[in-house]
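As stored in target.cif (mmCIF, N, CA and C atoms):
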data_work
loop_
_atom_site.group_PDB
_atom_site.id
_atom_site.type_symbol
_atom_site.label_atom_id
_atom_site.label_comp_id
_atom_site.auth_asym_id
_atom_site.auth_seq_id
_atom_site.Cartn_x
_atom_site.Cartn_y
_atom_site.Cartn_z
ATOM 1 N N MET A 21 -118.473 116.654 103.388
ATOM 2 C CA MET A 21 -119.545 117.278 104.135
ATOM 3 C C MET A 21 -120.763 116.367 104.130
ATOM 4 N N LYS A 22 -121.551 116.422 105.193
ATOM 5 C CA LYS A 22 -122.766 115.637 105.265
ATOM 6 C C LYS A 22 -123.912 116.492 104.744
ATOM 7 N N ARG A 23 -124.724 115.901 103.843
ATOM 8 C CA ARG A 23 -125.872 116.630 103.322
ATOM 9 C C ARG A 23 -126.930 115.662 102.823
ATOM 10 N N THR A 24 -128.097 116.194 102.527
ATOM 11 C CA THR A 24 -129.187 115.391 101.997
ATOM 12 C C THR A 24 -128.965 115.171 100.505
ATOM 13 N N ILE A 25 -129.142 113.933 100.097
ATOM 14 C CA ILE A 25 -128.922 113.551 98.699
ATOM 15 C C ILE A 25 -129.781 112.324 98.411
ATOM 16 N N ILE A 26 -130.016 112.026 97.161
ATOM 17 C CA ILE A 26 -130.854 110.866 96.862
ATOM 18 C C ILE A 26 -130.057 109.566 96.933
ATOM 19 N N GLU A 27 -130.806 108.491 97.127
ATOM 20 C CA GLU A 27 -130.251 107.143 97.067
ATOM 21 C C GLU A 27 -131.219 106.311 96.235
ATOM 22 N N ILE A 28 -130.695 105.530 95.319
ATOM 23 C CA ILE A 28 -131.520 104.688 94.453
ATOM 24 C C ILE A 28 -131.350 103.237 94.870
ATOM 25 N N ASP A 29 -132.465 102.572 95.124
ATOM 26 C CA ASP A 29 -132.463 101.149 95.445
ATOM 27 C C ASP A 29 -132.443 100.380 94.128
ATOM 28 N N GLU A 30 -131.282 99.851 93.762
ATOM 29 C CA GLU A 30 -131.130 99.173 92.476
ATOM 30 C C GLU A 30 -131.985 97.910 92.370
ATOM 31 N N GLU A 31 -132.337 97.313 93.506
ATOM 32 C CA GLU A 31 -133.208 96.135 93.486
ATOM 33 C C GLU A 31 -134.608 96.517 93.000
ATOM 34 N N LYS A 32 -135.076 97.692 93.415
ATOM 35 C CA LYS A 32 -136.417 98.144 93.037
ATOM 36 C C LYS A 32 -136.459 98.799 91.659
ATOM 37 N N CYS A 33 -135.359 99.408 91.238
ATOM 38 C CA CYS A 33 -135.327 100.159 89.975
ATOM 39 C C CYS A 33 -135.637 99.228 88.799
ATOM 40 N N THR A 34 -136.636 99.629 88.001
ATOM 41 C CA THR A 34 -137.031 98.841 86.832
ATOM 42 C C THR A 34 -136.417 99.360 85.538
ATOM 43 N N GLY A 35 -135.706 100.467 85.621
ATOM 44 C CA GLY A 35 -135.080 101.033 84.422
ATOM 45 C C GLY A 35 -136.042 101.794 83.536
ATOM 46 N N CYS A 36 -137.123 102.312 84.097
ATOM 47 C CA CYS A 36 -138.137 103.003 83.289
ATOM 48 C C CYS A 36 -137.682 104.377 82.794
ATOM 49 N N GLU A 37 -136.660 104.939 83.393
ATOM 50 C CA GLU A 37 -136.078 106.237 83.027
ATOM 51 C C GLU A 37 -136.887 107.449 83.455
ATOM 52 N N ALA A 38 -137.990 107.271 84.157
ATOM 53 C CA ALA A 38 -138.818 108.413 84.563
ATOM 54 C C ALA A 38 -138.037 109.396 85.420
ATOM 55 N N CYS A 39 -137.237 108.894 86.337
ATOM 56 C CA CYS A 39 -136.468 109.786 87.216
ATOM 57 C C CYS A 39 -135.390 110.543 86.443
ATOM 58 N N VAL A 40 -134.792 109.877 85.470
ATOM 59 C CA VAL A 40 -133.756 110.517 84.657
ATOM 60 C C VAL A 40 -134.356 111.696 83.899
ATOM 61 N N LYS A 41 -135.541 111.482 83.329
ATOM 62 C CA LYS A 41 -136.216 112.557 82.605
ATOM 63 C C LYS A 41 -136.643 113.678 83.539
ATOM 64 N N GLY A 42 -136.948 113.352 84.790
ATOM 65 C CA GLY A 42 -137.396 114.339 85.761
ATOM 66 C C GLY A 42 -136.281 115.079 86.465
ATOM 67 N N CYS A 43 -135.046 114.629 86.305
ATOM 68 C CA CYS A 43 -133.911 115.268 86.969
ATOM 69 C C CYS A 43 -133.345 116.355 86.060
ATOM 70 N N HIS A 44 -133.762 117.583 86.303
ATOM 71 C CA HIS A 44 -133.341 118.696 85.450
ATOM 72 C C HIS A 44 -131.901 119.113 85.698
ATOM 73 N N GLU A 45 -131.309 118.612 86.778
ATOM 74 C CA GLU A 45 -129.910 118.929 87.070
ATOM 75 C C GLU A 45 -128.953 118.019 86.305
ATOM 76 N N GLY A 46 -129.462 116.919 85.761
ATOM 77 C CA GLY A 46 -128.605 115.988 85.029
ATOM 78 C C GLY A 46 -127.786 115.088 85.936
ATOM 79 N N ALA A 47 -128.253 114.883 87.162
ATOM 80 C CA ALA A 47 -127.509 114.054 88.116
ATOM 81 C C ALA A 47 -127.711 112.563 87.879
ATOM 82 N N LEU A 48 -128.768 112.200 87.150
ATOM 83 C CA LEU A 48 -129.093 110.790 86.932
ATOM 84 C C LEU A 48 -128.891 110.383 85.483
ATOM 85 N N ARG A 49 -128.437 109.162 85.302
ATOM 86 C CA ARG A 49 -128.267 108.564 83.970
ATOM 87 C C ARG A 49 -128.641 107.097 84.063
ATOM 88 N N MET A 50 -129.030 106.549 82.940
ATOM 89 C CA MET A 50 -129.266 105.112 82.857
ATOM 90 C C MET A 50 -127.931 104.436 82.555
ATOM 91 N N ILE A 51 -127.544 103.512 83.397
ATOM 92 C CA ILE A 51 -126.299 102.762 83.220
ATOM 93 C C ILE A 51 -126.608 101.298 83.486
ATOM 94 N N ASP A 52 -126.339 100.467 82.512
ATOM 95 C CA ASP A 52 -126.615 99.033 82.628
ATOM 96 C C ASP A 52 -128.062 98.762 83.026
ATOM 97 N N GLY A 53 -128.990 99.544 82.467
ATOM 98 C CA GLY A 53 -130.412 99.317 82.695
ATOM 99 C C GLY A 53 -130.956 99.823 84.015
ATOM 100 N N LYS A 54 -130.158 100.554 84.763
ATOM 101 C CA LYS A 54 -130.583 101.085 86.059
ATOM 102 C C LYS A 54 -130.290 102.577 86.126
ATOM 103 N N ALA A 55 -131.131 103.299 86.864
ATOM 104 C CA ALA A 55 -130.873 104.723 87.110
ATOM 105 C C ALA A 55 -129.769 104.826 88.143
ATOM 106 N N ARG A 56 -128.805 105.684 87.843
ATOM 107 C CA ARG A 56 -127.687 105.879 88.781
ATOM 108 C C ARG A 56 -127.345 107.354 88.862
ATOM 109 N N ILE A 57 -126.931 107.773 90.045
ATOM 110 C CA ILE A 57 -126.476 109.145 90.218
ATOM 111 C C ILE A 57 -125.046 109.207 89.679
ATOM 112 N N ILE A 58 -124.795 110.148 88.768
ATOM 113 C CA ILE A 58 -123.471 110.190 88.138
ATOM 114 C C ILE A 58 -122.491 111.078 88.886
ATOM 115 N N SER A 59 -123.018 112.026 89.682
ATOM 116 C CA SER A 59 -122.129 112.875 90.463
ATOM 117 C C SER A 59 -122.905 113.550 91.576
ATOM 118 N N ASP A 60 -122.359 113.503 92.770
ATOM 119 C CA ASP A 60 -122.968 114.208 93.898
ATOM 120 C C ASP A 60 -123.060 115.707 93.614
ATOM 121 N N LEU A 61 -122.133 116.225 92.828
ATOM 122 C CA LEU A 61 -122.105 117.654 92.513
ATOM 123 C C LEU A 61 -123.395 118.128 91.865
ATOM 124 N N TYR A 62 -124.054 117.234 91.104
ATOM 125 C CA TYR A 62 -125.232 117.631 90.342
ATOM 126 C C TYR A 62 -126.548 117.384 91.074
ATOM 127 N N CYS A 63 -126.543 116.675 92.179
ATOM 128 C CA CYS A 63 -127.772 116.372 92.918
ATOM 129 C C CYS A 63 -128.027 117.478 93.937
ATOM 130 N N ASP A 64 -129.132 118.219 93.753
ATOM 131 C CA ASP A 64 -129.437 119.320 94.672
ATOM 132 C C ASP A 64 -130.036 118.834 95.992
ATOM 133 N N GLY A 65 -130.391 117.555 96.060
ATOM 134 C CA GLY A 65 -130.916 116.996 97.300
ATOM 135 C C GLY A 65 -132.349 117.374 97.604
ATOM 136 N N LEU A 66 -133.064 117.952 96.631
ATOM 137 C CA LEU A 66 -134.456 118.331 96.846
ATOM 138 C C LEU A 66 -135.410 117.176 96.562
ATOM 139 N N GLY A 67 -134.967 116.192 95.790
ATOM 140 C CA GLY A 67 -135.755 114.982 95.574
ATOM 141 C C GLY A 67 -136.897 115.090 94.587
ATOM 142 N N ALA A 68 -136.816 115.989 93.619
ATOM 143 C CA ALA A 68 -137.876 116.093 92.618
ATOM 144 C C ALA A 68 -138.071 114.769 91.873
ATOM 145 N N CYS A 69 -137.020 114.004 91.742
ATOM 146 C CA CYS A 69 -137.071 112.732 91.026
ATOM 147 C C CYS A 69 -137.870 111.666 91.775
ATOM 148 N N ILE A 70 -138.036 111.826 93.077
ATOM 149 C CA ILE A 70 -138.741 110.826 93.883
ATOM 150 C C ILE A 70 -140.165 110.638 93.384
ATOM 151 N N GLY A 71 -140.836 111.741 93.105
ATOM 152 C CA GLY A 71 -142.219 111.671 92.630
ATOM 153 C C GLY A 71 -142.357 111.077 91.251
ATOM 154 N N ASP A 72 -141.270 111.054 90.482
ATOM 155 C CA ASP A 72 -141.308 110.491 89.139
ATOM 156 C C ASP A 72 -141.143 108.969 89.138
ATOM 157 N N CYS A 73 -140.638 108.409 90.220
ATOM 158 C CA CYS A 73 -140.362 106.972 90.275
ATOM 159 C C CYS A 73 -141.640 106.201 90.609
ATOM 160 N N PRO A 74 -142.116 105.360 89.681
ATOM 161 C CA PRO A 74 -143.373 104.638 89.922
ATOM 162 C C PRO A 74 -143.253 103.471 90.906
ATOM 163 N N VAL A 75 -142.030 103.076 91.258
ATOM 164 C CA VAL A 75 -141.859 101.913 92.145
ATOM 165 C C VAL A 75 -141.231 102.265 93.491
ATOM 166 N N GLY A 76 -141.035 103.550 93.757
ATOM 167 C CA GLY A 76 -140.497 103.967 95.048
ATOM 168 C C GLY A 76 -139.051 103.561 95.276
ATOM 169 N N ALA A 77 -138.254 103.592 94.215
ATOM 170 C CA ALA A 77 -136.858 103.161 94.322
ATOM 171 C C ALA A 77 -135.915 104.277 94.770
ATOM 172 N N ILE A 78 -136.431 105.494 94.932
ATOM 173 C CA ILE A 78 -135.583 106.632 95.282
ATOM 174 C C ILE A 78 -136.038 107.212 96.613
ATOM 175 N N ARG A 79 -135.059 107.525 97.443
ATOM 176 C CA ARG A 79 -135.363 108.178 98.714
ATOM 177 C C ARG A 79 -134.262 109.185 99.028
ATOM 178 N N LEU A 80 -134.563 110.086 99.933
ATOM 179 C CA LEU A 80 -133.578 111.049 100.401
ATOM 180 C C LEU A 80 -132.888 110.490 101.630
ATOM 181 N N ILE A 81 -131.579 110.630 101.670
ATOM 182 C CA ILE A 81 -130.796 110.213 102.830
ATOM 183 C C ILE A 81 -129.811 111.324 103.171
ATOM 184 N N GLU A 82 -129.248 111.252 104.338
ATOM 185 C CA GLU A 82 -128.167 112.161 104.694
ATOM 186 C C GLU A 82 -126.887 111.343 104.737
ATOM 187 N N ARG A 83 -125.888 111.792 103.969
ATOM 188 C CA ARG A 83 -124.614 111.074 103.926
ATOM 189 C C ARG A 83 -123.506 112.024 103.530
ATOM 190 N N GLU A 84 -122.292 111.535 103.634
ATOM 191 C CA GLU A 84 -121.143 112.304 103.145
ATOM 192 C C GLU A 84 -121.269 112.428 101.629
ATOM 193 N N ALA A 85 -121.185 113.641 101.131
ATOM 194 C CA ALA A 85 -121.294 113.877 99.694
ATOM 195 C C ALA A 85 -120.615 115.200 99.359
ATOM 196 N N ALA A 86 -120.114 115.269 98.158
ATOM 197 C CA ALA A 86 -119.554 116.537 97.680
ATOM 198 C C ALA A 86 -120.664 117.580 97.689
ATOM 199 N N PRO A 87 -120.336 118.834 97.933
ATOM 200 C CA PRO A 87 -121.373 119.867 97.934
ATOM 201 C C PRO A 87 -121.999 120.035 96.553
ATOM 202 N N TYR A 88 -123.276 120.355 96.550
ATOM 203 C CA TYR A 88 -123.993 120.642 95.305
ATOM 204 C C TYR A 88 -123.332 121.827 94.618
ATOM 205 N N ASP A 89 -123.193 121.765 93.292
ATOM 206 C CA ASP A 89 -122.511 122.820 92.540
ATOM 207 C C ASP A 89 -123.450 123.390 91.479
ATOM 208 N N GLU A 90 -124.187 124.419 91.865
ATOM 209 C CA GLU A 90 -125.174 125.028 90.977
ATOM 210 C C GLU A 90 -124.548 125.548 89.687
ATOM 211 N N ILE A 91 -123.368 126.106 89.754
ATOM 212 C CA ILE A 91 -122.710 126.636 88.549
ATOM 213 C C ILE A 91 -122.434 125.507 87.552
ATOM 214 N N SER A 92 -121.932 124.378 88.026
ATOM 215 C CA SER A 92 -121.686 123.236 87.140
ATOM 216 C C SER A 92 -122.978 122.726 86.517
ATOM 217 N N VAL A 93 -124.041 122.695 87.323
ATOM 218 C CA VAL A 93 -125.339 122.240 86.802
ATOM 219 C C VAL A 93 -125.811 123.186 85.700
ATOM 220 N N LEU A 94 -125.772 124.476 85.958
ATOM 221 C CA LEU A 94 -126.230 125.431 84.946
ATOM 222 C C LEU A 94 -125.424 125.325 83.661
ATOM 223 N N LYS A 95 -124.119 125.157 83.775
ATOM 224 C CA LYS A 95 -123.287 124.997 82.574
ATOM 225 C C LYS A 95 -123.721 123.773 81.771
ATOM 226 N N ARG A 96 -124.125 122.718 82.469
ATOM 227 C CA ARG A 96 -124.552 121.491 81.793
ATOM 228 C C ARG A 96 -125.918 121.620 81.139
ATOM 229 N N ILE A 97 -126.837 122.394 81.766
ATOM 230 C CA ILE A 97 -128.210 122.415 81.246
ATOM 231 C C ILE A 97 -128.518 123.585 80.319
ATOM 232 N N ILE A 98 -127.723 124.628 80.310
ATOM 233 C CA ILE A 98 -127.988 125.778 79.440
ATOM 234 C C ILE A 98 -128.179 125.358 77.974
ATOM 235 N N PRO A 99 -127.368 124.445 77.428
ATOM 236 C CA PRO A 99 -127.595 124.046 76.040
ATOM 237 C C PRO A 99 -128.952 123.373 75.789
ATOM 238 N N ASN A 100 -129.630 122.922 76.861
ATOM 239 C CA ASN A 100 -130.931 122.265 76.703
ATOM 240 C C ASN A 100 -132.084 123.252 76.536
ATOM 241 N N GLY A 101 -131.818 124.539 76.689
ATOM 242 C CA GLY A 101 -132.829 125.555 76.420
ATOM 243 C C GLY A 101 -133.531 126.111 77.643
ATOM 244 N N ASP A 102 -134.316 127.149 77.377
ATOM 245 C CA ASP A 102 -134.987 127.902 78.435
ATOM 246 C C ASP A 102 -135.940 127.053 79.267
ATOM 247 N N GLN A 103 -136.683 126.151 78.635
ATOM 248 C CA GLN A 103 -137.653 125.344 79.374
ATOM 249 C C GLN A 103 -136.968 124.446 80.396
ATOM 250 N N THR A 104 -135.810 123.910 80.058
ATOM 251 C CA THR A 104 -135.060 123.083 81.001
ATOM 252 C C THR A 104 -134.540 123.926 82.156
ATOM 253 N N ILE A 105 -134.061 125.112 81.849
ATOM 254 C CA ILE A 105 -133.553 126.001 82.894
ATOM 255 C C ILE A 105 -134.690 126.388 83.844
ATOM 256 N N LEU A 106 -135.848 126.733 83.298
ATOM 257 C CA LEU A 106 -136.994 127.088 84.138
ATOM 258 C C LEU A 106 -137.447 125.901 84.989
ATOM 259 N N ALA A 107 -137.468 124.707 84.397
ATOM 260 C CA ALA A 107 -137.848 123.506 85.149
ATOM 261 C C ALA A 107 -136.865 123.247 86.283
ATOM 262 N N HIS A 108 -135.621 123.560 86.064
ATOM 263 C CA HIS A 108 -134.591 123.403 87.095
ATOM 264 C C HIS A 108 -134.766 124.430 88.218
ATOM 265 N N LEU A 109 -135.056 125.664 87.871
ATOM 266 C CA LEU A 109 -135.138 126.741 88.853
ATOM 267 C C LEU A 109 -136.405 126.698 89.702
ATOM 268 N N GLN A 110 -137.493 126.193 89.162
ATOM 269 C CA GLN A 110 -138.768 126.184 89.886
ATOM 270 C C GLN A 110 -138.682 125.459 91.237
ATOM 271 N N PRO A 111 -138.147 124.228 91.309
ATOM 272 C CA PRO A 111 -138.048 123.577 92.624
ATOM 273 C C PRO A 111 -137.118 124.318 93.586
ATOM 274 N N LEU A 112 -136.073 124.950 93.067
ATOM 275 C CA LEU A 112 -135.192 125.723 93.937
ATOM 276 C C LEU A 112 -135.978 126.830 94.629
ATOM 277 N N LYS A 113 -136.811 127.522 93.856
ATOM 278 C CA LYS A 113 -137.628 128.600 94.411
ATOM 279 C C LYS A 113 -138.623 128.047 95.426
ATOM 280 N N MET A 114 -139.270 126.914 95.103
ATOM 281 C CA MET A 114 -140.256 126.308 96.002
ATOM 282 C C MET A 114 -139.633 125.905 97.337
ATOM 283 N N HIS A 115 -138.364 125.527 97.321
ATOM 284 C CA HIS A 115 -137.683 125.077 98.533
ATOM 285 C C HIS A 115 -136.873 126.191 99.207
ATOM 286 N N GLY A 116 -137.083 127.430 98.748
ATOM 287 C CA GLY A 116 -136.437 128.567 99.392
ATOM 288 C C GLY A 116 -134.953 128.690 99.116
ATOM 289 N N LYS A 117 -134.461 128.045 98.059
ATOM 290 C CA LYS A 117 -133.036 128.114 97.720
ATOM 291 C C LYS A 117 -132.778 129.338 96.834
ATOM 292 N N THR A 118 -133.144 130.499 97.359
ATOM 293 C CA THR A 118 -133.045 131.723 96.562
ATOM 294 C C THR A 118 -131.613 132.161 96.341
ATOM 295 N N ASP A 119 -130.668 131.682 97.144
ATOM 296 C CA ASP A 119 -129.280 132.030 96.911
ATOM 297 C C ASP A 119 -128.836 131.529 95.536
ATOM 298 N N TYR A 120 -129.344 130.377 95.108
ATOM 299 C CA TYR A 120 -129.027 129.862 93.779
ATOM 300 C C TYR A 120 -129.709 130.667 92.699
ATOM 301 N N LEU A 121 -130.933 131.107 92.966
ATOM 302 C CA LEU A 121 -131.678 131.887 91.965
ATOM 303 C C LEU A 121 -131.009 133.217 91.691
ATOM 304 N N ASN A 122 -130.433 133.815 92.711
ATOM 305 C CA ASN A 122 -129.767 135.112 92.534
ATOM 306 C C ASN A 122 -128.518 134.948 91.695
#
Will you turn the file into structure tokens for me?
Amino acid sequence: MKRTIIEIDEEKCTGCEACVKGCHEGALRMIDGKARIISDLYCDGLGACIGDCPVGAIRLIEREAAPYDEISVLKRIIPNGDQTILAHLQPLKMHGKTDYLN
């Protein structure tokens, strides 16, 4: 399916980890000194990580990607505690993704 998802410009990425810390869905990891998306399933496509990147290495694009899987994301982040869950849910609410909130 075609959907909006992030793309990381590895040339620009400095490996600062700011986007990884800002991605409450757990879609980003540091691999070989660069931020990388580990699974399309975990990227909600809202781009909260874009504002965390100090060098503008992240942008939203539309491409073929597996559908976002909110249930898988929640299973991954629940062990991180209530604050992580709330941080994850806030952008969903701001972007009108209330189907996930329900």
Quick one: of A:Lys22, A:Val40, A:Asp119, A:Glu30, who's nearest to Ile70 of chain A, counting only C-alpha atoms?
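The answer is A:Val40, which sits nearest to Ile70 of chain A.
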May I have a table of the residues of segment 24-77 of chain A lying at most 8 Å from segment 103-115 of chain A, giving each one's closest pair of atoms and their distance in Å to one decimal, counting only N, CA and C atoms, ordered by chain and ascending residue number, as a Markdown table?
| residue | atom | partner | partner_atom | distance |
| --- | --- | --- | --- | --- |
| A:Cys43 | C | A:His108 | CA | 7.2 |
| A:His44 | CA | A:His108 | CA | 5.1 |
| A:Glu45 | N | A:His108 | CA | 5.8 |
| A:Leu66 | CA | A:Pro111 | C | 7.3 |
| A:Ala68 | CA | A:Pro111 | CA | 7.5 |
In Å and to one decimal, atom CA of Ile98 of chain A is distant from atom C of Leu80 of chain A by 27.4 Å
Please report the interatomic distance between atom C of Ile91 of chain A and atom CA of Thr24 of chain A in Å with one decimal.
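Going from atom C of Ile91 of chain A over to atom CA of Thr24 of chain A, I get 18.9 Å.
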Leaving out Glu82 of chain A and any residue of its chain fewer than 3 positions from it, which residues lie within 8 Å of it when counting all atoms listed in the file, given as a PyMOL selection string?
chain A and resi 21-27+79+85
Exercise: segment 49-62 of chain A partners within 7 Å, all atoms listed in the file, chain neighbours under 6 positions left out, as a PyMOL selection string
chain A and resi 28+30+33-37+40+85-90+92-93
What separates atom CA of Glu31 of chain A and atom CA of Arg96 of chain A is a distance of 29.2 Å
Among chain A, which residues does DSSP mark as helix (DSSP H, G or I) when it is run on the backbone? Keep the chain and numbering as in the structure and answer as a PyMOL selection string.
chain A and resi 38-42+60-62+68-72+90-100+102-114+118-121
Run DSSP on the backbone and tell me which residues of segment 25-101 of chain A come out as strand (DSSP E); list them as a ChimeraX atom specification.
/A:25-28,48-51,54-57,78-84
Give me, as a PDB file with N, CA and C atoms, in the frame of the given file, all polymer residues having an atom no more than 7 Å from Lys32 of chain A, counting only N, CA and C atoms and skipping those fewer than 4 positions away in the same chain.
ATOM      1  N   ILE A  28    -130.695 105.530  95.319  1.00  0.00           N
ATOM      2  CA  ILE A  28    -131.520 104.688  94.453  1.00  0.00           C
ATOM      3  C   ILE A  28    -131.350 103.237  94.870  1.00  0.00           C
ATOM      4  N   VAL A  75    -142.030 103.076  91.258  1.00  0.00           N
ATOM      5  CA  VAL A  75    -141.859 101.913  92.145  1.00  0.00           C
ATOM      6  C   VAL A  75    -141.231 102.265  93.491  1.00  0.00           C
ATOM      7  N   GLY A  76    -141.035 103.550  93.757  1.00  0.00           N
ATOM      8  CA  GLY A  76    -140.497 103.967  95.048  1.00  0.00           C
ATOM      9  C   GLY A  76    -139.051 103.561  95.276  1.00  0.00           C
ATOM     10  N   ALA A  77    -138.254 103.592  94.215  1.00  0.00           N
ATOM     11  CA  ALA A  77    -136.858 103.161  94.322  1.00  0.00           C
ATOM     12  C   ALA A  77    -135.915 104.277  94.770  1.00  0.00           C
TER      13      ALA A  77
END
